[in-house]
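Colleague: Following this message is one structure expressed as structure tokens.
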Amino acid sequence: MGGVTSSMAAKLAFFPPNPPSYKLVADEMTGLLLLSTFPHRENVEILKLPTRKGTEVVAMYIRHPMATSTLLYSHGNAADLGQMYELFVELSIHLRVNLMGYDYSGYGQSSGKPSEQHTYADIEAVYKCMEEGYGAKQEDIILYGQSVGSGPTLDLAARLPHLRAVVLHSPILSGLRVMYPVKKSYWFDIYKNIDKIQLVDCPVLVIHGTADEVVDCSHGKQLWELSKEKYEPLWLKGGNHCDLEHHPEYIRHLKKFVSTVEKPPSQRYTGSRRRSTDQQLLPPRKSTDIVFEASRKSTDRREKPRHSTDKALPPTDVNKLLLKSNSNNLNEKLEKLKNQSNYAEKLRVSFDQVERSRRSVDCCLEKSRKSVDHQLERGRKSVDRIRTG
């Protein structure tokens, strides 16, 4: 069964340039491998890597002095490194990335014959070299798959949960779906990307030409819709299967994507992907609706901790709080009573003082009145004696 599948894959998917566009030669002075049609570059290395399938694949690694990402590029089904060399150099310069490209088994000067399973082994060998030979970390790697290269790209991406990102350039849903609009995956189909895209956990950018006559644009659109973490796609109007790199929007959009995924996750998607997702997947909303929705969610987030704290409070803590509250209330009442008592005492003392003053005044008045009465009585008696005499 596996042999039949591989045989079908070879007939349907693989068209290596014949003859290859380059030969491998050794530099006379350094002994380093070179592609015969290109001069030596200080930042370019040519390698031969063994695979678990027993073949050797030719790869090229391009360094960029300011790179924080490394792009692993799997090319299309009718190209080899000699044809991709200049594009790889340009991408490394414009995107400011290190770039690793390779030829599948049976392509260029790679040994063996092309097959689906061989391409899986090929990309694994290249990825291993990037990690062990160049110190690249999974979270700094961007996988790039063009056309049939989307097959090994998604197969590897589905098994690497911490990748920085994935780029799918004119991708296929599966090998069989390129020729027939089948609704399900059959055992003899190859590169079942439609089933693997949902296993990819990193941001995914899809680029496809609307006039692609080899792989219909609907393949790219469906893969984008099925991806978990969507980035704003690039549907190049009038673009064909093999000319997307010549469109100015191609490099601009790719640079924007790389710049975005190189940011910390918390700072991503404040613009392009979120706007695209809202426009593509959700009905249009007014800007005020978005603001209010964001405000409501923010308010909900602020309320939740308070609510959860109330629920989590143990009964003993509730009792303590109640006792403390009651104690505080009692102390306040006692303080008020004390203040009232002090005030009453002050009033009583004040009243006593007034009473004593009143009594003193009454006593004085009584004495004055008696003195006046006594003097009047004496005067009256003296007048009476004068009249009698």
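By order of appearance in the structure tokens: chains A, B, ..., then residues from 1 within every chain, and ligands from 1 in the order shown.
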Quick one: everything within 10 Å of Leu160 of chain A, counting only C-alpha atoms, minus sequence neighbours fewer than 6 positions away in the same chain. Send it as a list in words.
Modeller: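 Non-adjacent residues within range: Gln138, Glu139, Leu154, Leu199, Val200, Asp201 and Cys202 of chain A.
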Colleague: Excluding Pro20 of chain A and its own-chain neighbours fewer than 5 positions away, which residues fall within 8 Å of it when counting only C-alpha atoms? Please give them as a PyMOL selection string.
Modeller: chain A and resi 80+82+107-109
Colleague: Once you have the residues from the selection above, write them out as a JSON list (two decimals), in the first residue's frame, restricted to all heavy atoms.
Modeller:
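again13.json, written as the output of this step:
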[["chain", "number", "residue", "atom", "x", "y", "z"],
["A", 80, "ASP", "N", 14.97, 23.74, -8.29],
["A", 80, "ASP", "CA", 16.06, 23.26, -7.44],
["A", 80, "ASP", "C", 16.84, 24.45, -6.92],
["A", 80, "ASP", "O", 16.51, 25.61, -7.21],
["A", 80, "ASP", "CB", 16.95, 22.25, -8.18],
["A", 80, "ASP", "CG", 17.66, 22.83, -9.39],
["A", 80, "ASP", "OD1", 17.77, 24.08, -9.49],
["A", 80, "ASP", "OD2", 18.10, 22.04, -10.26],
["A", 82, "GLY", "N", 19.66, 25.77, -7.59],
["A", 82, "GLY", "CA", 20.25, 26.66, -8.57],
["A", 82, "GLY", "C", 19.27, 27.72, -9.04],
["A", 82, "GLY", "O", 19.64, 28.89, -9.25],
["A", 107, "TYR", "N", 16.25, 15.70, -6.28],
["A", 107, "TYR", "CA", 16.27, 17.04, -6.89],
["A", 107, "TYR", "C", 17.71, 17.57, -6.88],
["A", 107, "TYR", "O", 18.46, 17.34, -5.91],
["A", 107, "TYR", "CB", 15.37, 18.01, -6.13],
["A", 107, "TYR", "CG", 13.91, 17.94, -6.50],
["A", 107, "TYR", "CD1", 13.14, 16.85, -6.18],
["A", 107, "TYR", "CD2", 13.30, 19.00, -7.18],
["A", 107, "TYR", "CE1", 11.79, 16.79, -6.51],
["A", 107, "TYR", "CE2", 11.94, 18.96, -7.51],
["A", 107, "TYR", "CZ", 11.20, 17.84, -7.18],
["A", 107, "TYR", "OH", 9.87, 17.79, -7.52],
["A", 108, "GLY", "N", 18.04, 18.35, -7.91],
["A", 108, "GLY", "CA", 19.37, 18.94, -7.96],
["A", 108, "GLY", "C", 20.44, 17.88, -7.81],
["A", 108, "GLY", "O", 20.46, 16.88, -8.53],
["A", 109, "GLN", "N", 21.35, 18.08, -6.85],
["A", 109, "GLN", "CA", 22.41, 17.11, -6.59],
["A", 109, "GLN", "C", 22.15, 16.28, -5.34],
["A", 109, "GLN", "O", 23.07, 15.63, -4.82],
["A", 109, "GLN", "CB", 23.74, 17.86, -6.46],
["A", 109, "GLN", "CG", 24.17, 18.60, -7.72],
["A", 109, "GLN", "CD", 24.31, 17.68, -8.92],
["A", 109, "GLN", "OE1", 24.77, 16.54, -8.81],
["A", 109, "GLN", "NE2", 23.89, 18.16, -10.09]]
Colleague: Could you give me, as a list in words, the residues within 12 Å of Lys263 of chain A, counting only C-alpha atoms and dropping anything in the same chain fewer than 2 positions from it?
Modeller: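 Once the adjacent positions are removed, what remains is Thr68, Ser69, Glu139, Asp140, Arg164, Ala165, Lys256, Phe257, Val258, Ser259, Thr260, Val261, Pro265, Ser266, Gln267, Arg268, Tyr269 and Thr270 of chain A.
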Colleague: Store the residues picked out above, limited to all heavy atoms, as a short mmCIF file (atom, residue, chain, number, x, y, z; two decimals), in the first residue's frame.
Modeller:
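Dumped everything to out.cif:
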data_model
loop_
_atom_site.label_atom_id
_atom_site.label_comp_id
_atom_site.auth_asym_id
_atom_site.auth_seq_id
_atom_site.Cartn_x
_atom_site.Cartn_y
_atom_site.Cartn_z
N THR A 68 17.01 37.76 13.74
CA THR A 68 16.49 37.15 14.97
C THR A 68 15.61 35.95 14.65
O THR A 68 15.13 35.27 15.55
CB THR A 68 15.69 38.17 15.80
OG1 THR A 68 14.61 38.67 15.00
CG2 THR A 68 16.56 39.33 16.23
N SER A 69 15.37 35.71 13.36
CA SER A 69 14.57 34.56 12.91
C SER A 69 15.34 33.79 11.84
O SER A 69 16.21 34.36 11.17
CB SER A 69 13.22 35.01 12.32
OG SER A 69 12.44 35.68 13.27
N GLU A 139 11.45 28.24 18.65
CA GLU A 139 10.62 29.45 18.74
C GLU A 139 11.14 30.60 17.87
O GLU A 139 10.48 31.63 17.75
CB GLU A 139 10.50 29.91 20.19
CG GLU A 139 11.81 30.10 20.90
CD GLU A 139 12.27 28.86 21.65
OE1 GLU A 139 11.89 27.74 21.25
OE2 GLU A 139 13.00 29.02 22.65
N ASP A 140 12.30 30.42 17.25
CA ASP A 140 12.85 31.44 16.34
C ASP A 140 12.76 31.03 14.87
O ASP A 140 13.24 31.75 14.00
CB ASP A 140 14.32 31.72 16.68
CG ASP A 140 14.50 32.29 18.08
OD1 ASP A 140 13.58 33.00 18.55
OD2 ASP A 140 15.53 32.02 18.71
N ARG A 164 7.85 29.75 15.55
CA ARG A 164 7.52 31.18 15.48
C ARG A 164 6.37 31.42 14.51
O ARG A 164 5.46 32.20 14.81
CB ARG A 164 8.76 31.97 15.07
CG ARG A 164 8.50 33.45 14.86
CD ARG A 164 9.78 34.25 14.95
NE ARG A 164 10.17 34.40 16.36
CZ ARG A 164 11.27 35.05 16.76
NH1 ARG A 164 12.09 35.58 15.86
NH2 ARG A 164 11.54 35.17 18.04
N ALA A 165 6.40 30.79 13.34
CA ALA A 165 5.34 31.03 12.35
C ALA A 165 5.47 30.05 11.19
O ALA A 165 6.47 29.34 11.05
CB ALA A 165 5.40 32.46 11.84
N LYS A 256 6.09 42.62 6.70
CA LYS A 256 5.17 42.99 7.78
C LYS A 256 4.87 41.79 8.68
O LYS A 256 4.82 41.91 9.91
CB LYS A 256 3.88 43.53 7.16
CG LYS A 256 2.88 44.09 8.15
CD LYS A 256 1.67 44.63 7.40
CE LYS A 256 0.60 45.14 8.35
NZ LYS A 256 -0.60 45.62 7.62
N PHE A 257 4.70 40.64 8.05
CA PHE A 257 4.41 39.41 8.81
C PHE A 257 5.59 39.04 9.70
O PHE A 257 5.42 38.76 10.89
CB PHE A 257 4.10 38.27 7.84
CG PHE A 257 3.91 36.93 8.50
CD1 PHE A 257 2.83 36.70 9.34
CD2 PHE A 257 4.80 35.90 8.27
CE1 PHE A 257 2.64 35.47 9.95
CE2 PHE A 257 4.62 34.66 8.87
CZ PHE A 257 3.54 34.45 9.71
N VAL A 258 6.79 39.02 9.13
CA VAL A 258 7.98 38.66 9.90
C VAL A 258 8.18 39.64 11.05
O VAL A 258 8.48 39.24 12.19
CB VAL A 258 9.23 38.61 8.99
CG1 VAL A 258 10.50 38.43 9.82
CG2 VAL A 258 9.11 37.48 7.97
N SER A 259 7.98 40.92 10.78
CA SER A 259 8.12 41.93 11.83
C SER A 259 7.12 41.69 12.96
O SER A 259 7.44 41.87 14.14
CB SER A 259 7.91 43.32 11.23
OG SER A 259 7.94 44.32 12.22
N THR A 260 5.91 41.28 12.60
CA THR A 260 4.87 41.03 13.61
C THR A 260 5.19 39.83 14.47
O THR A 260 5.11 39.89 15.70
CB THR A 260 3.50 40.82 12.92
OG1 THR A 260 3.15 42.01 12.21
CG2 THR A 260 2.42 40.51 13.95
N VAL A 261 5.56 38.71 13.85
CA VAL A 261 5.78 37.48 14.64
C VAL A 261 7.07 37.55 15.44
O VAL A 261 7.25 36.74 16.37
CB VAL A 261 5.77 36.23 13.74
CG1 VAL A 261 4.42 36.06 13.07
CG2 VAL A 261 6.90 36.26 12.70
N PRO A 265 4.33 37.87 22.00
CA PRO A 265 2.92 37.57 21.71
C PRO A 265 1.94 38.62 22.20
O PRO A 265 0.93 38.88 21.55
CB PRO A 265 2.71 36.22 22.43
CG PRO A 265 4.06 35.59 22.45
CD PRO A 265 5.03 36.73 22.60
N SER A 266 2.23 39.25 23.34
CA SER A 266 1.30 40.25 23.89
C SER A 266 1.22 41.51 23.03
O SER A 266 0.26 42.26 23.13
CB SER A 266 1.73 40.63 25.31
OG SER A 266 3.03 41.20 25.29
N GLN A 267 2.24 41.73 22.18
CA GLN A 267 2.25 42.94 21.36
C GLN A 267 1.85 42.67 19.91
O GLN A 267 1.86 43.56 19.08
CB GLN A 267 3.65 43.56 21.38
CG GLN A 267 4.10 44.00 22.75
CD GLN A 267 5.51 44.56 22.75
OE1 GLN A 267 6.04 44.93 21.71
NE2 GLN A 267 6.13 44.61 23.92
N ARG A 268 1.51 41.42 19.60
CA ARG A 268 1.13 41.09 18.23
C ARG A 268 -0.33 41.42 17.95
O ARG A 268 -1.15 41.53 18.85
CB ARG A 268 1.32 39.59 17.97
CG ARG A 268 2.76 39.10 18.06
CD ARG A 268 2.78 37.60 17.84
NE ARG A 268 4.11 37.06 18.08
CZ ARG A 268 4.36 35.76 18.09
NH1 ARG A 268 3.40 34.90 17.89
NH2 ARG A 268 5.59 35.33 18.31
N TYR A 269 -0.65 41.53 16.70
CA TYR A 269 -2.03 41.54 16.21
C TYR A 269 -2.86 42.71 16.70
O TYR A 269 -4.06 42.60 16.84
CB TYR A 269 -2.73 40.23 16.57
CG TYR A 269 -1.93 39.03 16.19
CD1 TYR A 269 -1.81 37.96 17.06
CD2 TYR A 269 -1.27 38.99 14.97
CE1 TYR A 269 -1.05 36.85 16.70
CE2 TYR A 269 -0.51 37.90 14.62
CZ TYR A 269 -0.41 36.83 15.48
OH TYR A 269 0.34 35.75 15.13
N THR A 270 -2.21 43.81 17.03
CA THR A 270 -3.00 45.00 17.35
C THR A 270 -3.56 45.61 16.07
O THR A 270 -4.38 46.50 16.12
CB THR A 270 -2.13 46.05 18.06
OG1 THR A 270 -0.97 46.32 17.25
CG2 THR A 270 -1.68 45.53 19.41
#
Colleague: Need to verify the contact set: Glu45 of chain A, 7 Å, only C-alpha atoms, exclusion of same-chain residues closer than 5 positions in sequence. Can you return it as a ChimeraX atom specification?
Modeller: /A:60-62
Colleague: Between A:Thr55, A:Thr70, A:Asn193, A:Ser105, which residue has the minimum interatomic distance to Ala158 of chain A, considering only C-alpha atoms?
Modeller: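 Looking at the shortest contact to Ala158 of chain A, the residue is A:Asn193.
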Colleague: Using only C-alpha atoms, what does the table of segment 63-91 of chain A residues within 12 Å of segment 220-244 of chain A look like, with each row giving the shortest atom pair and its distance in Å to one decimal, sorted by chain and ascending number, as a Markdown table?
Modeller:
| residue | atom | partner | partner_atom | distance |
| --- | --- | --- | --- | --- |
| A:His75 | CA | A:Cys242 | CA | 11.1 |
| A:Gly76 | CA | A:Cys242 | CA | 9.0 |
| A:Asn77 | CA | A:Cys242 | CA | 10.9 |
| A:Ala78 | CA | A:Cys242 | CA | 10.0 |
| A:Ala79 | CA | A:Cys242 | CA | 10.4 |
| A:Met84 | CA | A:Cys242 | CA | 12.0 |
| A:Leu87 | CA | A:Leu244 | CA | 11.9 |
Colleague: Please, could you write that set of residues out with N, CA, C and O atoms as a PDB file, in the first residue's frame?
Modeller:
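Once written, result12.pdb looks like this:
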ATOM      1  N   HIS A  75      10.904  24.466  -1.336  1.00  0.00           N
ATOM      2  CA  HIS A  75      10.515  25.038  -2.624  1.00  0.00           C
ATOM      3  C   HIS A  75       9.455  24.194  -3.345  1.00  0.00           C
ATOM      4  O   HIS A  75       9.026  23.135  -2.859  1.00  0.00           O
ATOM      5  N   GLY A  76       9.057  24.656  -4.532  1.00  0.00           N
ATOM      6  CA  GLY A  76       8.023  23.984  -5.315  1.00  0.00           C
ATOM      7  C   GLY A  76       8.530  22.728  -6.019  1.00  0.00           C
ATOM      8  O   GLY A  76       9.698  22.345  -5.901  1.00  0.00           O
ATOM      9  N   ASN A  77       7.620  22.107  -6.805  1.00  0.00           N
ATOM     10  CA  ASN A  77       7.926  20.777  -7.345  1.00  0.00           C
ATOM     11  C   ASN A  77       8.721  20.790  -8.641  1.00  0.00           C
ATOM     12  O   ASN A  77       9.116  19.740  -9.125  1.00  0.00           O
ATOM     13  N   ALA A  78       8.975  21.949  -9.217  1.00  0.00           N
ATOM     14  CA  ALA A  78       9.707  21.985 -10.499  1.00  0.00           C
ATOM     15  C   ALA A  78      10.903  22.919 -10.414  1.00  0.00           C
ATOM     16  O   ALA A  78      11.270  23.564 -11.396  1.00  0.00           O
ATOM     17  N   ALA A  79      11.524  22.998  -9.240  1.00  0.00           N
ATOM     18  CA  ALA A  79      12.663  23.896  -9.041  1.00  0.00           C
ATOM     19  C   ALA A  79      13.757  23.172  -8.276  1.00  0.00           C
ATOM     20  O   ALA A  79      13.535  22.114  -7.672  1.00  0.00           O
ATOM     21  N   MET A  84      16.634  28.704  -7.236  1.00  0.00           N
ATOM     22  CA  MET A  84      16.129  29.441  -6.072  1.00  0.00           C
ATOM     23  C   MET A  84      17.205  30.309  -5.415  1.00  0.00           C
ATOM     24  O   MET A  84      16.878  31.134  -4.550  1.00  0.00           O
ATOM     25  N   LEU A  87      16.741  34.212  -5.301  1.00  0.00           N
ATOM     26  CA  LEU A  87      15.564  34.565  -4.494  1.00  0.00           C
ATOM     27  C   LEU A  87      15.873  34.396  -3.008  1.00  0.00           C
ATOM     28  O   LEU A  87      15.504  35.257  -2.185  1.00  0.00           O
TER      29      LEU A  87
END
Colleague: Given only C-alpha atoms, how would the per-residue table for segment 114-233 of chain A near segment 89-104 of chain A read, listing every residue at most 10 Å away with its closest atom pair and distance in Å to one decimal, sorted by chain and number, as JSON lines?
Modeller:
{"residue": "A:Pro114", "atom": "CA", "partner": "A:Tyr104", "partner_atom": "CA", "distance": 6.7}
{"residue": "A:Ser115", "atom": "CA", "partner": "A:Tyr104", "partner_atom": "CA", "distance": 8.8}
{"residue": "A:Glu116", "atom": "CA", "partner": "A:Tyr104", "partner_atom": "CA", "distance": 9.9}
{"residue": "A:His118", "atom": "CA", "partner": "A:Tyr104", "partner_atom": "CA", "distance": 7.6}
{"residue": "A:Thr119", "atom": "CA", "partner": "A:Tyr104", "partner_atom": "CA", "distance": 5.9}
{"residue": "A:Tyr120", "atom": "CA", "partner": "A:Tyr104", "partner_atom": "CA", "distance": 9.3}
{"residue": "A:Ala121", "atom": "CA", "partner": "A:Tyr104", "partner_atom": "CA", "distance": 9.3}
{"residue": "A:Asp122", "atom": "CA", "partner": "A:Tyr104", "partner_atom": "CA", "distance": 6.2}
{"residue": "A:Ile123", "atom": "CA", "partner": "A:Tyr104", "partner_atom": "CA", "distance": 8.2}
{"residue": "A:Val126", "atom": "CA", "partner": "A:Tyr102", "partner_atom": "CA", "distance": 7.5}
{"residue": "A:Tyr127", "atom": "CA", "partner": "A:Met100", "partner_atom": "CA", "distance": 9.0}
{"residue": "A:Cys129", "atom": "CA", "partner": "A:Met100", "partner_atom": "CA", "distance": 9.7}
{"residue": "A:Met130", "atom": "CA", "partner": "A:Met100", "partner_atom": "CA", "distance": 7.9}
{"residue": "A:Ala136", "atom": "CA", "partner": "A:Asn98", "partner_atom": "CA", "distance": 9.7}
{"residue": "A:Ile141", "atom": "CA", "partner": "A:Asn98", "partner_atom": "CA", "distance": 9.4}
{"residue": "A:Ile142", "atom": "CA", "partner": "A:Leu99", "partner_atom": "CA", "distance": 9.4}
{"residue": "A:Leu143", "atom": "CA", "partner": "A:Met100", "partner_atom": "CA", "distance": 9.8}
{"residue": "A:Tyr144", "atom": "CA", "partner": "A:Gly101", "partner_atom": "CA", "distance": 9.6}
{"residue": "A:Gly149", "atom": "CA", "partner": "A:Tyr104", "partner_atom": "CA", "distance": 9.5}
Colleague: With C-alpha atoms retained, could you export that selection as an mmCIF file, in the first residue's frame?
Modeller:
data_model
loop_
_atom_site.group_PDB
_atom_site.id
_atom_site.type_symbol
_atom_site.label_atom_id
_atom_site.label_comp_id
_atom_site.auth_asym_id
_atom_site.auth_seq_id
_atom_site.Cartn_x
_atom_site.Cartn_y
_atom_site.Cartn_z
ATOM 1 C CA PRO A 114 11.595 11.914 -4.797
ATOM 2 C CA SER A 115 8.677 10.646 -2.715
ATOM 3 C CA GLU A 116 6.302 11.957 -0.060
ATOM 4 C CA HIS A 118 11.468 11.135 1.519
ATOM 5 C CA THR A 119 10.462 14.807 1.688
ATOM 6 C CA TYR A 120 9.426 14.307 5.324
ATOM 7 C CA ALA A 121 12.838 12.793 6.089
ATOM 8 C CA ASP A 122 14.555 15.564 4.098
ATOM 9 C CA ILE A 123 13.010 18.458 6.041
ATOM 10 C CA VAL A 126 17.547 20.099 7.569
ATOM 11 C CA TYR A 127 15.713 21.121 10.732
ATOM 12 C CA CYS A 129 21.064 20.742 11.172
ATOM 13 C CA MET A 130 19.580 24.156 11.968
ATOM 14 C CA ALA A 136 18.516 27.858 15.952
ATOM 15 C CA ILE A 141 12.113 29.341 13.242
ATOM 16 C CA ILE A 142 9.642 30.215 10.482
ATOM 17 C CA LEU A 143 8.687 27.362 8.153
ATOM 18 C CA TYR A 144 7.993 28.411 4.561
ATOM 19 C CA GLY A 149 6.644 22.276 -0.309
#
Colleague: Just checking: using only C-alpha atoms, which residue out of A:Val57, A:Leu72, A:Ala13, A:Ile172 ends up closest to Glu131 of chain A?
Modeller: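 Selected residue with least distance to Glu131 of chain A: A:Leu72.
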Colleague: Can you measure atom CA of Ile197 of chain A to atom CA of Leu163 of chain A for me? One decimal in Å is fine.
Modeller: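 Atom CA of Ile197 of chain A sits 13.6 Å away from atom CA of Leu163 of chain A.
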Colleague: At most 9 Å is the cut-off: for each residue in segment 112-198 of chain A with any atom that close to an atom of segment 208-216 of chain A, write down the nearest atom pair and the distance in Å rounded to one decimal, counting only C-alpha atoms, chain first then increasing number, as JSON lines.
Modeller:
{"residue": "A:Ser147", "atom": "CA", "partner": "A:Val215", "partner_atom": "CA", "distance": 7.9}
{"residue": "A:Leu168", "atom": "CA", "partner": "A:His208", "partner_atom": "CA", "distance": 8.4}
{"residue": "A:His169", "atom": "CA", "partner": "A:His208", "partner_atom": "CA", "distance": 6.1}
{"residue": "A:Ser170", "atom": "CA", "partner": "A:His208", "partner_atom": "CA", "distance": 4.7}
{"residue": "A:Pro171", "atom": "CA", "partner": "A:Val215", "partner_atom": "CA", "distance": 7.5}
{"residue": "A:Ile172", "atom": "CA", "partner": "A:Val215", "partner_atom": "CA", "distance": 6.6}
{"residue": "A:Val178", "atom": "CA", "partner": "A:Val215", "partner_atom": "CA", "distance": 6.0}
{"residue": "A:Met179", "atom": "CA", "partner": "A:Val215", "partner_atom": "CA", "distance": 8.7}
